[in-house]
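One file, my_file_35.pdb, carrying PDB, C-alpha atoms:
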```
ATOM      1  CA  MET H   1     -13.125  -2.383 -90.214
ATOM      2  CA  SER H   2     -14.742  -5.074 -92.299
ATOM      3  CA  VAL H   3     -18.446  -4.632 -92.791
ATOM      4  CA  ASP H   4     -20.683  -7.552 -93.741
ATOM      5  CA  ARG H   5     -22.797  -6.378 -96.648
ATOM      6  CA  SER H   6     -24.480  -9.728 -97.220
ATOM      7  CA  PRO H   7     -28.210  -9.576 -97.929
ATOM      8  CA  VAL H   8     -30.437 -10.357 -94.980
ATOM      9  CA  ASP H   9     -33.760 -12.160 -94.904
ATOM     10  CA  LEU H  10     -36.882 -11.729 -92.813
ATOM     11  CA  ASP H  11     -35.539 -13.949 -90.032
ATOM     12  CA  ALA H  12     -32.810 -11.404 -89.337
ATOM     13  CA  LEU H  13     -35.142  -8.456 -88.849
ATOM     14  CA  VAL H  14     -35.853  -6.915 -85.461
ATOM     15  CA  PHE H  15     -39.555  -6.188 -85.030
ATOM     16  CA  ASN H  16     -40.836  -4.042 -82.175
ATOM     17  CA  ALA H  17     -43.076  -5.211 -79.315
ATOM     18  CA  ASP H  18     -46.084  -4.949 -81.643
ATOM     19  CA  GLY H  19     -44.366  -7.091 -84.281
ATOM     20  CA  LEU H  20     -43.805  -4.096 -86.550
ATOM     21  CA  ILE H  21     -40.853  -2.456 -88.304
ATOM     22  CA  PRO H  22     -40.708   1.039 -89.840
ATOM     23  CA  VAL H  23     -40.538   1.207 -93.630
ATOM     24  CA  ILE H  24     -39.334   4.344 -95.405
ATOM     25  CA  ALA H  25     -40.485   4.738 -99.015
ATOM     26  CA  GLN H  26     -38.231   6.786-101.289
ATOM     27  CA  ASP H  27     -39.020   7.707-104.885
ATOM     28  CA  ALA H  28     -36.751   5.669-107.160
ATOM     29  CA  ASP H  29     -36.611   8.463-109.751
ATOM     30  CA  THR H  30     -36.512  11.708-107.780
ATOM     31  CA  ALA H  31     -35.035  10.359-104.502
ATOM     32  CA  GLU H  32     -37.753  12.217-102.592
ATOM     33  CA  VAL H  33     -38.677  10.586 -99.297
ATOM     34  CA  LEU H  34     -42.386   9.933 -99.808
ATOM     35  CA  MET H  35     -43.626   8.448 -96.546
ATOM     36  CA  MET H  36     -42.901   6.214 -93.603
ATOM     37  CA  ALA H  37     -45.258   3.416 -92.633
ATOM     38  CA  TRP H  38     -45.094   0.173 -90.671
ATOM     39  CA  ALA H  39     -44.975  -3.456 -91.728
ATOM     40  CA  ASN H  40     -45.230  -6.779 -89.973
ATOM     41  CA  ARG H  41     -43.558  -9.921 -91.178
ATOM     42  CA  GLU H  42     -46.481 -10.959 -93.375
ATOM     43  CA  ALA H  43     -46.614  -7.521 -95.012
ATOM     44  CA  LEU H  44     -42.920  -7.792 -95.868
ATOM     45  CA  GLN H  45     -43.328 -11.317 -97.197
ATOM     46  CA  ARG H  46     -46.110 -10.101 -99.487
ATOM     47  CA  THR H  47     -44.021  -7.100-100.491
ATOM     48  CA  LEU H  48     -41.200  -9.435-101.504
ATOM     49  CA  ASP H  49     -43.557 -11.810-103.318
ATOM     50  CA  GLU H  50     -45.696  -9.264-105.157
ATOM     51  CA  GLY H  51     -43.218  -6.510-106.031
ATOM     52  CA  ARG H  52     -45.587  -3.987-104.479
ATOM     53  CA  MET H  53     -45.433  -2.329-101.095
ATOM     54  CA  VAL H  54     -47.675  -3.931 -98.504
ATOM     55  CA  TYR H  55     -47.789  -2.300 -95.073
ATOM     56  CA  TRP H  56     -49.606  -2.869 -91.799
ATOM     57  CA  SER H  57     -52.228  -0.245 -91.094
ATOM     58  CA  ARG H  58     -52.051   0.532 -87.380
ATOM     59  CA  SER H  59     -55.333   2.497 -87.531
ATOM     60  CA  ARG H  60     -57.284  -0.208 -89.353
ATOM     61  CA  THR H  61     -55.234  -3.064 -87.795
ATOM     62  CA  GLU H  62     -55.032  -4.914 -91.095
ATOM     63  CA  LEU H  63     -52.674  -5.492 -93.992
ATOM     64  CA  TRP H  64     -52.536  -2.449 -96.257
ATOM     65  CA  ARG H  65     -51.703  -3.243 -99.851
ATOM     66  CA  LYS H  66     -51.031   0.314-100.864
ATOM     67  CA  GLY H  67     -52.985   1.374-103.923
ATOM     68  CA  ASP H  68     -55.771  -1.191-103.729
ATOM     69  CA  THR H  69     -58.351   1.431-102.792
ATOM     70  CA  SER H  70     -56.521   4.686-103.591
ATOM     71  CA  GLY H  71     -54.819   3.647-106.831
ATOM     72  CA  ARG H  72     -51.577   4.975-105.334
ATOM     73  CA  ALA H  73     -49.609   1.763-105.620
ATOM     74  CA  GLN H  74     -45.872   1.533-105.021
ATOM     75  CA  HIS H  75     -43.759  -0.864-107.073
ATOM     76  CA  TRP H  76     -40.430  -1.366-105.348
ATOM     77  CA  THR H  77     -37.071  -1.401-107.082
ATOM     78  CA  SER H  78     -34.929  -2.072-104.008
ATOM     79  CA  LEU H  79     -35.448  -3.054-100.384
ATOM     80  CA  ASN H  80     -32.670  -2.365 -97.917
ATOM     81  CA  VAL H  81     -32.137  -2.976 -94.225
ATOM     82  CA  ASP H  82     -30.277  -0.746 -91.807
ATOM     83  CA  CYS H  83     -27.300  -1.681 -89.641
ATOM     84  CA  ASP H  84     -29.476  -2.605 -86.654
ATOM     85  CA  ALA H  85     -31.934  -4.532 -88.867
ATOM     86  CA  ASP H  86     -34.814  -2.570 -87.386
ATOM     87  CA  VAL H  87     -35.658  -0.200 -90.265
ATOM     88  CA  ILE H  88     -36.418  -0.897 -93.945
ATOM     89  CA  LEU H  89     -35.731   1.494 -96.828
ATOM     90  CA  ALA H  90     -37.707   0.866-100.015
ATOM     91  CA  THR H  91     -37.141   2.665-103.298
ATOM     92  CA  VAL H  92     -40.370   2.682-105.245
ATOM     93  CA  HIS H  93     -42.063   3.726-108.425
ATOM     94  CA  GLN H  94     -44.983   5.693-107.046
ATOM     95  CA  GLU H  95     -48.276   5.781-108.947
ATOM     96  CA  GLY H  96     -49.723   9.249-108.456
ATOM     97  CA  ALA H  97     -49.332  10.939-105.095
ATOM     98  CA  ALA H  98     -47.934   9.004-102.149
ATOM     99  CA  CYS H  99     -49.907  10.956 -99.557
ATOM    100  CA  HIS H 100     -53.607  10.566 -98.819
ATOM    101  CA  THR H 101     -53.861  14.382 -98.902
ATOM    102  CA  GLY H 102     -52.967  14.362-102.594
ATOM    103  CA  GLU H 103     -49.495  15.773-101.957
ATOM    104  CA  ARG H 104     -46.671  13.990-103.727
ATOM    105  CA  THR H 105     -44.869  13.324-100.440
ATOM    106  CA  CYS H 106     -46.255  13.175 -96.916
ATOM    107  CA  PHE H 107     -43.497  15.539 -95.737
ATOM    108  CA  TYR H 108     -44.986  18.760 -97.134
ATOM    109  CA  ARG H 109     -44.841  20.812 -93.927
ATOM    110  CA  ALA H 110     -41.886  22.382 -92.180
ATOM    111  CA  LEU H 111     -41.142  21.938 -88.486
ATOM    112  CA  GLU H 112     -40.567  25.294 -86.876
ATOM    113  CA  GLY H 113     -39.387  26.423 -83.499
ATOM    114  CA  LYS H 114     -41.184  28.868 -81.272
ATOM    115  CA  ASN H 115     -39.613  31.787 -79.524
ATOM    116  CA  ARG H 116     -39.104  30.822 -75.926
TER     117      ARG H 116
ATOM    118  CA  MET B   1     -58.843  19.335-101.918
ATOM    119  CA  SER B   2     -57.124  22.134-100.049
ATOM    120  CA  VAL B   3     -54.094  21.054 -98.068
ATOM    121  CA  ASP B   4     -52.775  23.122 -95.187
ATOM    122  CA  ARG B   5     -49.060  23.467 -95.726
ATOM    123  CA  SER B   6     -48.485  25.758 -92.747
ATOM    124  CA  PRO B   7     -45.412  24.998 -90.675
ATOM    125  CA  VAL B   8     -46.037  23.078 -87.482
ATOM    126  CA  ASP B   9     -44.315  23.382 -84.134
ATOM    127  CA  LEU B  10     -43.404  20.848 -81.474
ATOM    128  CA  ASP B  11     -46.820  21.092 -79.819
ATOM    129  CA  ALA B  12     -48.438  19.613 -82.935
ATOM    130  CA  LEU B  13     -46.267  16.506 -83.036
ATOM    131  CA  VAL B  14     -47.562  13.071 -82.122
ATOM    132  CA  PHE B  15     -45.088  11.189 -79.945
ATOM    133  CA  ASN B  16     -45.467   7.475 -79.256
ATOM    134  CA  ALA B  17     -46.166   5.891 -75.871
ATOM    135  CA  ASP B  18     -42.470   6.273 -74.992
ATOM    136  CA  GLY B  19     -42.528   9.966 -75.900
ATOM    137  CA  LEU B  20     -40.529   9.382 -79.068
ATOM    138  CA  ILE B  21     -40.949  10.154 -82.772
ATOM    139  CA  PRO B  22     -39.008   8.630 -85.693
ATOM    140  CA  VAL B  23     -36.564  10.922 -87.485
ATOM    141  CA  ILE B  24     -35.297  10.110 -90.972
ATOM    142  CA  ALA B  25     -32.004  11.745 -91.954
ATOM    143  CA  GLN B  26     -31.457  12.340 -95.671
ATOM    144  CA  ASP B  27     -28.265  13.687 -97.221
ATOM    145  CA  ALA B  28     -28.927  17.254 -98.382
ATOM    146  CA  ASP B  29     -26.493  16.892-101.295
ATOM    147  CA  THR B  30     -26.920  13.340-102.585
ATOM    148  CA  ALA B  31     -30.512  12.704-101.345
ATOM    149  CA  GLU B  32     -29.349   9.367 -99.910
ATOM    150  CA  VAL B  33     -31.352   8.214 -96.919
ATOM    151  CA  LEU B  34     -28.657   7.910 -94.276
ATOM    152  CA  MET B  35     -30.387   6.590 -91.166
ATOM    153  CA  MET B  36     -33.486   6.587 -89.022
ATOM    154  CA  ALA B  37     -33.316   7.317 -85.336
ATOM    155  CA  TRP B  38     -35.664   8.491 -82.592
ATOM    156  CA  ALA B  39     -36.116  11.821 -80.860
ATOM    157  CA  ASN B  40     -38.058  13.038 -77.878
ATOM    158  CA  ARG B  41     -39.324  16.570 -77.523
ATOM    159  CA  GLU B  42     -36.165  17.826 -75.853
ATOM    160  CA  ALA B  43     -34.000  16.325 -78.590
ATOM    161  CA  LEU B  44     -36.045  18.140 -81.229
ATOM    162  CA  GLN B  45     -35.917  21.396 -79.300
ATOM    163  CA  ARG B  46     -32.128  21.130 -79.173
ATOM    164  CA  THR B  47     -32.034  20.198 -82.838
ATOM    165  CA  LEU B  48     -33.993  23.347 -83.667
ATOM    166  CA  ASP B  49     -31.863  25.506 -81.372
ATOM    167  CA  GLU B  50     -28.430  24.184 -82.310
ATOM    168  CA  GLY B  51     -28.754  23.468 -86.033
ATOM    169  CA  ARG B  52     -27.412  19.980 -85.397
ATOM    170  CA  MET B  53     -29.272  16.705 -85.147
ATOM    171  CA  VAL B  54     -29.905  15.600 -81.580
ATOM    172  CA  TYR B  55     -31.613  12.236 -81.097
ATOM    173  CA  TRP B  56     -32.692  10.070 -78.179
ATOM    174  CA  SER B  57     -30.596   6.958 -77.796
ATOM    175  CA  ARG B  58     -32.936   4.139 -76.864
ATOM    176  CA  SER B  59     -30.021   1.846 -75.981
ATOM    177  CA  ARG B  60     -28.255   4.374 -73.750
ATOM    178  CA  THR B  61     -31.512   6.085 -72.678
ATOM    179  CA  GLU B  62     -30.022   9.535 -73.029
ATOM    180  CA  LEU B  63     -29.883  12.449 -75.429
ATOM    181  CA  TRP B  64     -27.603  11.684 -78.364
ATOM    182  CA  ARG B  65     -26.037  14.764 -79.902
ATOM    183  CA  LYS B  66     -24.788  13.007 -82.998
ATOM    184  CA  GLY B  67     -21.110  13.583 -83.650
ATOM    185  CA  ASP B  68     -20.063  14.487 -80.106
ATOM    186  CA  THR B  69     -18.139  11.257 -79.654
ATOM    187  CA  SER B  70     -17.928   9.942 -83.232
ATOM    188  CA  GLY B  71     -17.247  13.209 -85.052
ATOM    189  CA  ARG B  72     -20.075  12.269 -87.409
ATOM    190  CA  ALA B  73     -22.203  15.354 -86.813
ATOM    191  CA  GLN B  74     -25.236  16.231 -88.897
ATOM    192  CA  HIS B  75     -26.045  19.864 -89.628
ATOM    193  CA  TRP B  76     -29.633  20.129 -90.810
ATOM    194  CA  THR B  77     -30.820  22.226 -93.724
ATOM    195  CA  SER B  78     -34.527  21.423 -93.453
ATOM    196  CA  LEU B  79     -36.858  19.716 -90.986
ATOM    197  CA  ASN B  80     -40.210  18.498 -92.231
ATOM    198  CA  VAL B  81     -43.194  16.776 -90.669
ATOM    199  CA  ASP B  82     -45.438  14.193 -92.295
ATOM    200  CA  CYS B  83     -49.200  14.390 -92.773
ATOM    201  CA  ASP B  84     -49.935  12.558 -89.516
ATOM    202  CA  ALA B  85     -47.342  14.616 -87.613
ATOM    203  CA  ASP B  86     -45.748  11.429 -86.313
ATOM    204  CA  VAL B  87     -42.570  11.266 -88.439
ATOM    205  CA  ILE B  88     -39.807  13.851 -89.023
ATOM    206  CA  LEU B  89     -37.675  14.120 -92.167
ATOM    207  CA  ALA B  90     -34.392  15.989 -91.796
ATOM    208  CA  THR B  91     -32.088  16.895 -94.651
ATOM    209  CA  VAL B  92     -28.557  17.158 -93.348
ATOM    210  CA  HIS B  93     -24.981  17.900 -94.189
ATOM    211  CA  GLN B  94     -23.296  14.758 -92.914
ATOM    212  CA  GLU B  95     -19.734  14.899 -91.567
ATOM    213  CA  GLY B  96     -18.063  11.661 -92.589
ATOM    214  CA  ALA B  97     -20.057   8.459 -92.510
ATOM    215  CA  ALA B  98     -23.532   8.440 -90.999
ATOM    216  CA  CYS B  99     -23.322   4.831 -89.838
ATOM    217  CA  HIS B 100     -21.378   3.569 -86.835
ATOM    218  CA  THR B 101     -20.028   0.786 -89.096
ATOM    219  CA  GLY B 102     -18.200   3.351 -91.192
ATOM    220  CA  GLU B 103     -20.607   2.970 -94.109
ATOM    221  CA  ARG B 104     -21.897   6.190 -95.609
ATOM    222  CA  THR B 105     -25.510   5.154 -95.017
ATOM    223  CA  CYS B 106     -26.946   2.641 -92.544
ATOM    224  CA  PHE B 107     -28.936   0.993 -95.355
ATOM    225  CA  TYR B 108     -26.044  -0.889 -96.964
ATOM    226  CA  ARG B 109     -27.659  -4.344 -97.009
ATOM    227  CA  ALA B 110     -30.417  -5.705 -99.225
ATOM    228  CA  LEU B 111     -33.484  -7.480 -97.909
ATOM    229  CA  GLU B 112     -33.964 -10.736 -99.733
ATOM    230  CA  GLY B 113     -36.694 -13.331 -99.825
ATOM    231  CA  LYS B 114     -36.211 -17.019 -99.246
ATOM    232  CA  ASN B 115     -37.588 -19.800-101.367
ATOM    233  CA  ARG B 116     -40.599 -21.191 -99.567
TER     234      ARG B 116
END
```
Output the file's structure in the form of structure tokens.
Amino acid sequence: MSVDRSPVDLDALVFNADGLIPVIAQDADTAEVLMMAWANREALQRTLDEGRMVYWSRSRTELWRKGDTSGRAQHWTSLNVDCDADVILATVHQEGAACHTGERTCFYRALEGKNR
Amino acid sequence: MSVDRSPVDLDALVFNADGLIPVIAQDADTAEVLMMAWANREALQRTLDEGRMVYWSRSRTELWRKGDTSGRAQHWTSLNVDCDADVILATVHQEGAACHTGERTCFYRALEGKNR
């Protein structure tokens, strides 16, 4: 099976009904998965242009240039697209903690089952 | 700031309007991010019970016990929840390739900008 590994641009991406696409941020040094957030097309264009991660804040309904208020900026080293073109994976140099709680990664809690 | 790192159960998760939550699968050995898919509550309950990743296929609108048809099963070693309880991170032992294309990871293409 021949797989097309050609780079893709923003026109090829599949955004959801709200015009958003999930973006996974992974630490470029430790490979830790730091967080998942959402971006619209403009956020991705700015991310490409500025070298920093720009998301769409669904709670504030505005562009979210990560680090502008928190100081926790993310400088990307790679941006990849999945096979369905509906998820982005960014590897980033993370300034400080990724999570608003102060934890390094947002995924600091385990999911556990309950006895049924 | 004191952060509560207590494990959380399915009742604490925040599902979207379709009853789904994003699940990121990361290779437990190489730390590669392999894919992102979606799960509903039943898929996560089965995942917890069976030790294998079970997703919800949005295209087939049915439970997707990964590997049953493809042989590309994922046996999880940890399941974590993010700070907002609306994303799951699974570390998995991946049988074969994660991606339906035969690539090891679904994120085999770069996102590139265009000259404007």
On this structure, the ChimeraX specification (/B :<9) & /H would catch which residues? List them as a VMD selection string, sorted by chain and number. chain H and resid 1 to 10 22 24 26 30 to 33 35 to 36 45 48 to 49 78 to 84 87 to 89 99 to 103 105 to 114
Result of fitting chain H on chain B (Cα atoms paired in order), as a tab-separated table (two decimals) with C-alpha atoms, keeping the file's coordinate frame:
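Wrote it out as part_24.tsv, contents follow:
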```tsv
chain	number	residue	atom	x	y	z
H	1	MET	CA	-58.81	19.39	-101.95
H	2	SER	CA	-57.10	22.17	-100.06
H	3	VAL	CA	-54.09	21.07	-98.09
H	4	ASP	CA	-52.77	23.13	-95.18
H	5	ARG	CA	-49.04	23.48	-95.73
H	6	SER	CA	-48.48	25.77	-92.76
H	7	PRO	CA	-45.39	25.01	-90.68
H	8	VAL	CA	-46.03	23.08	-87.49
H	9	ASP	CA	-44.31	23.37	-84.14
H	10	LEU	CA	-43.41	20.84	-81.48
H	11	ASP	CA	-46.82	21.10	-79.82
H	12	ALA	CA	-48.42	19.62	-82.93
H	13	LEU	CA	-46.27	16.50	-83.03
H	14	VAL	CA	-47.57	13.06	-82.11
H	15	PHE	CA	-45.09	11.18	-79.94
H	16	ASN	CA	-45.46	7.47	-79.25
H	17	ALA	CA	-46.15	5.87	-75.85
H	18	ASP	CA	-42.45	6.26	-75.00
H	19	GLY	CA	-42.52	9.96	-75.89
H	20	LEU	CA	-40.53	9.38	-79.07
H	21	ILE	CA	-40.93	10.15	-82.78
H	22	PRO	CA	-39.00	8.62	-85.69
H	23	VAL	CA	-36.56	10.92	-87.48
H	24	ILE	CA	-35.30	10.11	-90.98
H	25	ALA	CA	-32.01	11.74	-91.96
H	26	GLN	CA	-31.46	12.34	-95.67
H	27	ASP	CA	-28.27	13.69	-97.22
H	28	ALA	CA	-28.93	17.25	-98.39
H	29	ASP	CA	-26.50	16.89	-101.31
H	30	THR	CA	-26.92	13.33	-102.58
H	31	ALA	CA	-30.50	12.69	-101.35
H	32	GLU	CA	-29.35	9.36	-99.93
H	33	VAL	CA	-31.36	8.21	-96.93
H	34	LEU	CA	-28.65	7.92	-94.28
H	35	MET	CA	-30.39	6.59	-91.18
H	36	MET	CA	-33.48	6.58	-89.04
H	37	ALA	CA	-33.31	7.31	-85.33
H	38	TRP	CA	-35.67	8.48	-82.60
H	39	ALA	CA	-36.11	11.81	-80.85
H	40	ASN	CA	-38.07	13.04	-77.87
H	41	ARG	CA	-39.34	16.56	-77.51
H	42	GLU	CA	-36.18	17.83	-75.84
H	43	ALA	CA	-34.00	16.32	-78.58
H	44	LEU	CA	-36.06	18.13	-81.21
H	45	GLN	CA	-35.93	21.40	-79.29
H	46	ARG	CA	-32.14	21.14	-79.16
H	47	THR	CA	-32.04	20.20	-82.84
H	48	LEU	CA	-34.00	23.35	-83.66
H	49	ASP	CA	-31.87	25.51	-81.37
H	50	GLU	CA	-28.43	24.19	-82.31
H	51	GLY	CA	-28.76	23.47	-86.03
H	52	ARG	CA	-27.42	19.98	-85.40
H	53	MET	CA	-29.28	16.71	-85.14
H	54	VAL	CA	-29.91	15.60	-81.58
H	55	TYR	CA	-31.62	12.24	-81.10
H	56	TRP	CA	-32.70	10.07	-78.18
H	57	SER	CA	-30.58	6.97	-77.79
H	58	ARG	CA	-32.94	4.14	-76.86
H	59	SER	CA	-29.99	1.85	-75.98
H	60	ARG	CA	-28.23	4.38	-73.75
H	61	THR	CA	-31.51	6.07	-72.68
H	62	GLU	CA	-30.01	9.53	-73.02
H	63	LEU	CA	-29.89	12.45	-75.42
H	64	TRP	CA	-27.60	11.70	-78.36
H	65	ARG	CA	-26.03	14.76	-79.90
H	66	LYS	CA	-24.79	13.02	-82.99
H	67	GLY	CA	-21.11	13.59	-83.63
H	68	ASP	CA	-20.06	14.51	-80.10
H	69	THR	CA	-18.13	11.28	-79.65
H	70	SER	CA	-17.91	9.95	-83.22
H	71	GLY	CA	-17.25	13.23	-85.05
H	72	ARG	CA	-20.09	12.28	-87.40
H	73	ALA	CA	-22.20	15.36	-86.81
H	74	GLN	CA	-25.25	16.24	-88.89
H	75	HIS	CA	-26.05	19.88	-89.64
H	76	TRP	CA	-29.64	20.13	-90.81
H	77	THR	CA	-30.82	22.22	-93.73
H	78	SER	CA	-34.53	21.41	-93.45
H	79	LEU	CA	-36.86	19.71	-90.99
H	80	ASN	CA	-40.21	18.48	-92.23
H	81	VAL	CA	-43.19	16.77	-90.67
H	82	ASP	CA	-45.43	14.19	-92.29
H	83	CYS	CA	-49.19	14.38	-92.78
H	84	ASP	CA	-49.93	12.55	-89.52
H	85	ALA	CA	-47.33	14.61	-87.61
H	86	ASP	CA	-45.75	11.42	-86.32
H	87	VAL	CA	-42.57	11.26	-88.43
H	88	ILE	CA	-39.81	13.84	-89.02
H	89	LEU	CA	-37.68	14.11	-92.17
H	90	ALA	CA	-34.40	15.98	-91.79
H	91	THR	CA	-32.09	16.89	-94.65
H	92	VAL	CA	-28.57	17.16	-93.34
H	93	HIS	CA	-24.99	17.89	-94.19
H	94	GLN	CA	-23.31	14.75	-92.92
H	95	GLU	CA	-19.75	14.92	-91.58
H	96	GLY	CA	-18.06	11.68	-92.59
H	97	ALA	CA	-20.06	8.47	-92.51
H	98	ALA	CA	-23.54	8.44	-91.00
H	99	CYS	CA	-23.32	4.83	-89.84
H	100	HIS	CA	-21.37	3.57	-86.85
H	101	THR	CA	-20.02	0.78	-89.10
H	102	GLY	CA	-18.20	3.36	-91.21
H	103	GLU	CA	-20.61	2.96	-94.12
H	104	ARG	CA	-21.91	6.18	-95.61
H	105	THR	CA	-25.53	5.13	-95.02
H	106	CYS	CA	-26.94	2.64	-92.55
H	107	PHE	CA	-28.94	0.99	-95.36
H	108	TYR	CA	-26.05	-0.90	-96.97
H	109	ARG	CA	-27.67	-4.35	-97.02
H	110	ALA	CA	-30.41	-5.71	-99.23
H	111	LEU	CA	-33.49	-7.48	-97.91
H	112	GLU	CA	-33.97	-10.75	-99.72
H	113	GLY	CA	-36.69	-13.33	-99.80
H	114	LYS	CA	-36.21	-17.02	-99.22
H	115	ASN	CA	-37.60	-19.77	-101.36
H	116	ARG	CA	-40.61	-21.17	-99.60
```
Measuring between all atoms listed in the file, which one of H:Arg72, H:Arg65, H:His93, H:Arg104 shows the shortest distance to H:Ala43? H:Arg65
For H:Ser57, which of H:Ala97, H:Ala28, H:Leu20, H:Ala73 is the closest residue, counting only C-alpha atoms? H:Leu20
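Interatomic distance, atom CA of H:Asp68 to atom CA of B:Asn16: 27.9 Å.
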Here's the selection I'm unsure about, the PyMOL selection byres ((chain B and resi 77) around 7); applied to the file above, which residues does it give, as a VMD selection string? chain B and resid 75 to 76 78 91 to 92
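Picture a line from atom CA of H:Ala39 to atom CA of H:Val54; it runs 7.3 Å.
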What is the distance, in Å and to one decimal place, between atom CA of H:Ser59 and atom CA of H:Gly71?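 Atom CA of H:Gly71 lies at a distance of 19.3 Å from atom CA of H:Ser59.
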Distance query H:Asp18 at most 12 Å, all atoms listed in the file, self and fewer than 4 positions along chain excluded, as a PDB file with C-alpha atoms, keeping the file's coordinate frame:
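Result saved to selection.pdb:
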```
ATOM      1  CA  VAL H  14     -35.853  -6.915 -85.461  1.00  0.00           C
ATOM      2  CA  PRO H  22     -40.708   1.039 -89.840  1.00  0.00           C
ATOM      3  CA  TRP H  38     -45.094   0.173 -90.671  1.00  0.00           C
ATOM      4  CA  ALA H  39     -44.975  -3.456 -91.728  1.00  0.00           C
ATOM      5  CA  ASN H  40     -45.230  -6.779 -89.973  1.00  0.00           C
ATOM      6  CA  ARG H  41     -43.558  -9.921 -91.178  1.00  0.00           C
ATOM      7  CA  TRP H  56     -49.606  -2.869 -91.799  1.00  0.00           C
ATOM      8  CA  ARG H  58     -52.051   0.532 -87.380  1.00  0.00           C
ATOM      9  CA  THR H  61     -55.234  -3.064 -87.795  1.00  0.00           C
TER      10      THR H  61
END
```
Return as JSON the box centre and box size in Å, one decimal, for an axis-aligned box around all listed atoms of stretch 33-36 of chain H padded by 5 Å per side.
```
{"center_x": -41.2, "center_y": 8.4, "center_z": -96.7, "size_x": 14.9, "size_y": 14.4, "size_z": 16.2}
```
Restricting the calculation to all atoms listed in the file, which member of B:Glu50, B:Phe15, B:Glu42, B:Gln94 is positioned closest to B:Gln74?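 The closest residue to B:Gln74 is B:Gln94.
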